[in-house]
Every structure is written in C-alpha cells, then in structure tokens.
Amino acid sequence: TFYPILQARDACELRADVQVGGSDQLFNIVTASRRLMEASGMPPNVALIVGLLPGTDGKVKMSKSLGNHIPLHAPPGQMYGMLMSLPDEAMRTYFQLLTTLPGAEVDALLAGHPRVAKARLAHEVTSRFHSPETALTAAEEFDRVFRQGAAPASMAEHRLVQGETVAAALV
C-alpha cells in the first residue's frame, strides 16, 4: 500500500526530528521515513516506538473504529466502569502503559485478587484523566451499583407519551 510512503513523506515535509508511533508502525517509521529523509538530504529522524494497548476486549489493539476503546474524555464513571470490565489478561499491559506504578507493586497486585487489581488500575487511570476525587466518587458509585446491586445515583428519565413505544422512545 501507499500508507508507509505517505507517512514517510509527512515526516519529510514536517522535517520531524522524532517520529512517535506504535509497534505496528515500526516499518513505516524506521524503514520508510528514515530512508526517504536520507534520500532527501535530511538527517534521519529518531523513531520512538511504543507498545500497543489492547482494546476493551483484551485481544486486538485499542481502536475507536473497532469500537473497543476507552474515550479519553469519557465521564469518570464511564471510564472507571470500562476499566473494571477489562479481561484479567489485559491488566498487566494496562498497568505498564497507563500507570507509573513500580513493577514490583504491579506484580503484587496481579498476584492478588483480580477485582482489587482492577479497582486500583481503574482508580489510577481515572485519576490521571480526571482527578483522584472524581475517581473515588466513580469507584463508590461502581461498587454501589455492581457490588451492592443498588440503583445508580442518577438515571436518565423519559416519560412516554400515549401511543409511544419504549423502542421508539430510545431512538
């Protein structure tokens, strides 16, 4: 495909000193971009390659187009809940890529109960994108609803008009 060539051309046009990409972009950055830059008389850029975060399914890379992402601007309760719903096998990667916790602490968390590890992960990530206070509120609401079986503190309300069906009201 033309994608590696177009990405390389972008790096040349921008005269990028550093090009950041996921491990799935390794060829595009290291081979195509650097070679085109050298061929254009520019010094090759530095490639900064990062690991890929699995999506909420825990299997394929996180992607909005695949519908397995956690939006960065999701409300704290939604973000916290999505993190709590991750498959256990994805937790180590999430801890490594999204938190600053030391490896030994991550190992200890993952060796314990998965729910405790997920709650810590959800708190760490939600705190980073919102605040520790809103992460704590999200955790309390999550526990109230999903552990205690209580109704959410707030729920959208819709009154049906005569003749309207529930399915039509949800659209």
# chains A, B, ... in the order shown; residues from 1 in each chain; ligands from 1
$ closest_atom_pairs --of "stretch 50-88 of chain A" --to "stretch 24-34 of chain A" --cutoff "10 Å" --atoms "only C-alpha atoms" --output "tab-separated table"
residue	atom	partner	partner_atom	distance
A:Val50	CA	A:Asp24	CA	9.1
A:Gly51	CA	A:Asp24	CA	8.5
A:Leu52	CA	A:Asp24	CA	7.7
A:Lys61	CA	A:Asp24	CA	9.6
$ write_last_selection --atoms "C-alpha atoms" --output "PDB file, in the first residue's frame"
ATOM      1  CA  VAL A  50       5.690   2.368  21.978  1.00  0.00           C
ATOM      2  CA  GLY A  51       3.763  -0.778  22.820  1.00  0.00           C
ATOM      3  CA  LEU A  52       0.157  -1.162  21.752  1.00  0.00           C
ATOM      4  CA  LYS A  61      -5.283  -3.120  19.645  1.00  0.00           C
TER       5      LYS A  61
END
$ residues_around --residues "stretch 120-128 of chain A" --least-positions-apart "2" --cutoff "8 Å" --atoms "only C-alpha atoms" --output "list in words"
Pro76, Met79, Tyr80, Gly81, Leu83, Met84, Met91, Tyr94, Phe95, Leu98, Thr99, Val116, Ala117, Lys118, His130, Ser131, Pro132, Glu133, Thr134, Ala135, Leu136 and Ala139 of chain A
$ select_by_dssp --residues "stretch 2-168 of chain A" --states "helix (DSSP H, G or I)" --output "number ranges by chain"
A: 3-14, 23-39, 76-84, 88-98, 103-111, 114-129, 132-147, 166-168
$ residues_around --residues "stretch 41-49 of chain A" --least-positions-apart "4" --cutoff "6 Å" --atoms "only C-alpha atoms" --output "JSON, numbers by chain"
{"A": [17, 18, 19, 20, 21, 22, 23, 34, 37]}
$ residues_around --residues "stretch 148-156 of chain A" --least-positions-apart "6" --cutoff "12 Å" --atoms "only C-alpha atoms" --output "list in words"
Gly77, Thr137, Ala138, Glu140, Glu141, Phe142 and Leu170 of chain A
$ closest_residue --among "A:Ala111, A:Leu36, A:Ile70, A:Val145" --to "A:Arg15" --atoms "only C-alpha atoms"
A:Leu36
$ select_by_dssp --residues "chain A" --states "strand (DSSP E or B)" --output "number ranges by chain"
A: 18-22, 46-50, 54, 61
$ atom_distance --atom1 "atom CA of A:His69" --atom2 "atom CA of A:Gly55"
5.5 Å
$ closest_residue --among "A:Glu157, A:Asp10, A:Asp57, A:Asp143" --to "A:Ala90" --atoms "only C-alpha atoms"
A:Asp57
$ closest_residue --among "A:Leu53, A:Val60, A:Ile5, A:Leu109" --to "A:Leu97" --atoms "only C-alpha atoms"
A:Leu53
